[in-house]
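I have placed the structure first, in the form of structure tokens, so that the comments after it can refer back to it.
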There are 2 protein chains.
Amino acid sequence: MNNKLLQETRMKRYFIEATRNILRSEGLKGISVRNIAKDAGYSYATLYNYFNDVRDLVFECVKDFQHECEVDISNKVEGKSAGIERLKAISKAYVEYFLEYPGIFELFYIEKMSAYGNSKESARLIYHFLDRICQPDWDFYAQKMKLNSDFIERLKDQLRFTLTGMLLFYLNRSSPDNYAEFIQVLEQQLNYIWE
Amino acid sequence: MNNKLLQETRMKRYFIEATRNILRSEGLKGISVRNIAKDAGYSYATLYNYFNDVRDLVFECVKDFQHECEVDISNKVEGKSAGIERLKAISKAYVEYFLEYPGIFELFYIEKMSAYGNSKESARLIYHFLDRICQPDWDFYAQKMKLNSDFIERLKDQLRFTLTGMLLFYLNRSSPDNYAEFIQVLEQQLNYIWE
DNA sequence: CAAATATAATTAACACTGTTCACAGCTCAA
DNA sequence: TTGAGCTGTGAACAGTGTTAATTATATTTG
């Protein structure tokens, strides 16, 4: 009985790994059922024995990529002091990650999720992803500046919306025109959030 | 020679109108070449005599919808006094428009644009759409509060990113959970922008 | 060990998608 | 009236996600 579960999770793993590789290299445009299955070494129909549809499979990758992104950010902000300095560094590292992997930005924020299943949970995970990474520093900042939690929540919201909005415009609408301008606007926005 | 141009723009109009109707009612998911052509009363192949591809056609609708949105906002903010009050009212009306027509939000901010043609121009149009509607009130606000233009530009950016980011999360990731919460967060963000 | 059964993987098929191309029908100048 | 060019068209192609029927494999039973 346990073997069965083991085998099933292994099979799922093969498909998920194939999907992850495609997403990382080609983004969502490279995803197709036949593509994934070929990379996983199985027929395209086999995929449907383990996943309801291709979107469910794609969204199984979210958790993995979040972990990867978190590790990436941790490495980049190493050595920064707690509070504002690290909050800014995290924000920049977060933006840089999605600039490097635009396909993963698409997956996190743009791609439509399937109606049922674990979509609600995935959505919450994505919504509060940045909050979780920043939590220790928000706490530090709140204590130091003696700010109440409502104010901090508002700042968290502001940061989340600003970074996601900026990335959406830059990646999908090429605005601002170039990277330098983008970074300049980003700096302005970040500086203002923490006065 | 002029007849030719007239006929061509008329034909384009038929296809654009069909596309607009589908976008308004069903959103991007309802768009297909054969669908559009059927509604326009022509064969799907005819479409390619007037547009490079279906995305070019879809993006021809942007200007029309921007005008529609602008009129919608104008009606809603009628009677509001210039400055902060009207800026807030415009922001809310802007959000409400896209809540009513999520397909048009998709078209404006999410759908990939074709590589060439008038895509750069379209992108700029979309990026500064909200700025244009708000311009008179930003001017009024700047003069009244004696704020320099750099500061105002930062506020414009903040408003644009915040509203778009919020809509992206709410429409695509169902976060916040419900409309009441969404509006509450929106109010908080708007109130803070203008102190 | 062999046969029957259950399970897993596959191929074939369906209904779509966007796009291209050869061709029919029409308009208009020579 | 003839011929050239323009316009609209269906067939066809290569792709998509998904499902059902069928084959191959693994497991259980006699």
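Naming works like this for the structure tokens: A, B, ... for the chains as they're shown, residue 1 at the start of each chain, ligands 1 onward in shown order.
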* **Contacts of region 72-88 of chain A within 9 Å, only C-alpha atoms (C1' of nucleotides), excl. fewer than 4 positions in-chain, as a PyMOL selection string** => chain A and resi 67-68+92-94+97+133-134+136-142+144+187+190-191+194
* What residues in chain A have any atom no more than 10 Å from chain B when counting only C-alpha atoms, and can you write them as a ChimeraX atom specification? -> /A:106,108-113,119-120,122-124,126-128,151,153-155,157-177,185-186,188-189,192
* What is the distance, in Å and to one decimal place, between CA of Arg55 (chain A) and CA of Ile104 (chain A)? ->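 According to the coordinates, CA of Arg55 (chain A) and CA of Ile104 (chain A) are separated by 14.0 Å.
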* **Interface, chain A side, toward chain D (10 Å; only C-alpha atoms (C1' of nucleotides)) as an MDAnalysis selection string** => chainID A and resid 32:34 45 48 53:54
* Interface, chain C side, toward chain B (12 Å; only C-alpha atoms (C1' of nucleotides)) as an NGL selection string -> :C and (16-21)
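Interatomic distance, CA of Leu47 (chain A) against C1' of DT7 (chain C): 15.4 Å.
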* Asked: Where does DSSP see alpha helix (DSSP H) in region 30-171 of chain A, if you list the residues as a PyMOL selection string?
  -> chain A and resi 33-40+54-76+84-100+102-105+119-127+129-145+149-171
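The gap separating CA of Phe15 (chain B) from CA of Tyr44 (chain B) is 10.2 Å, in Å to one decimal.
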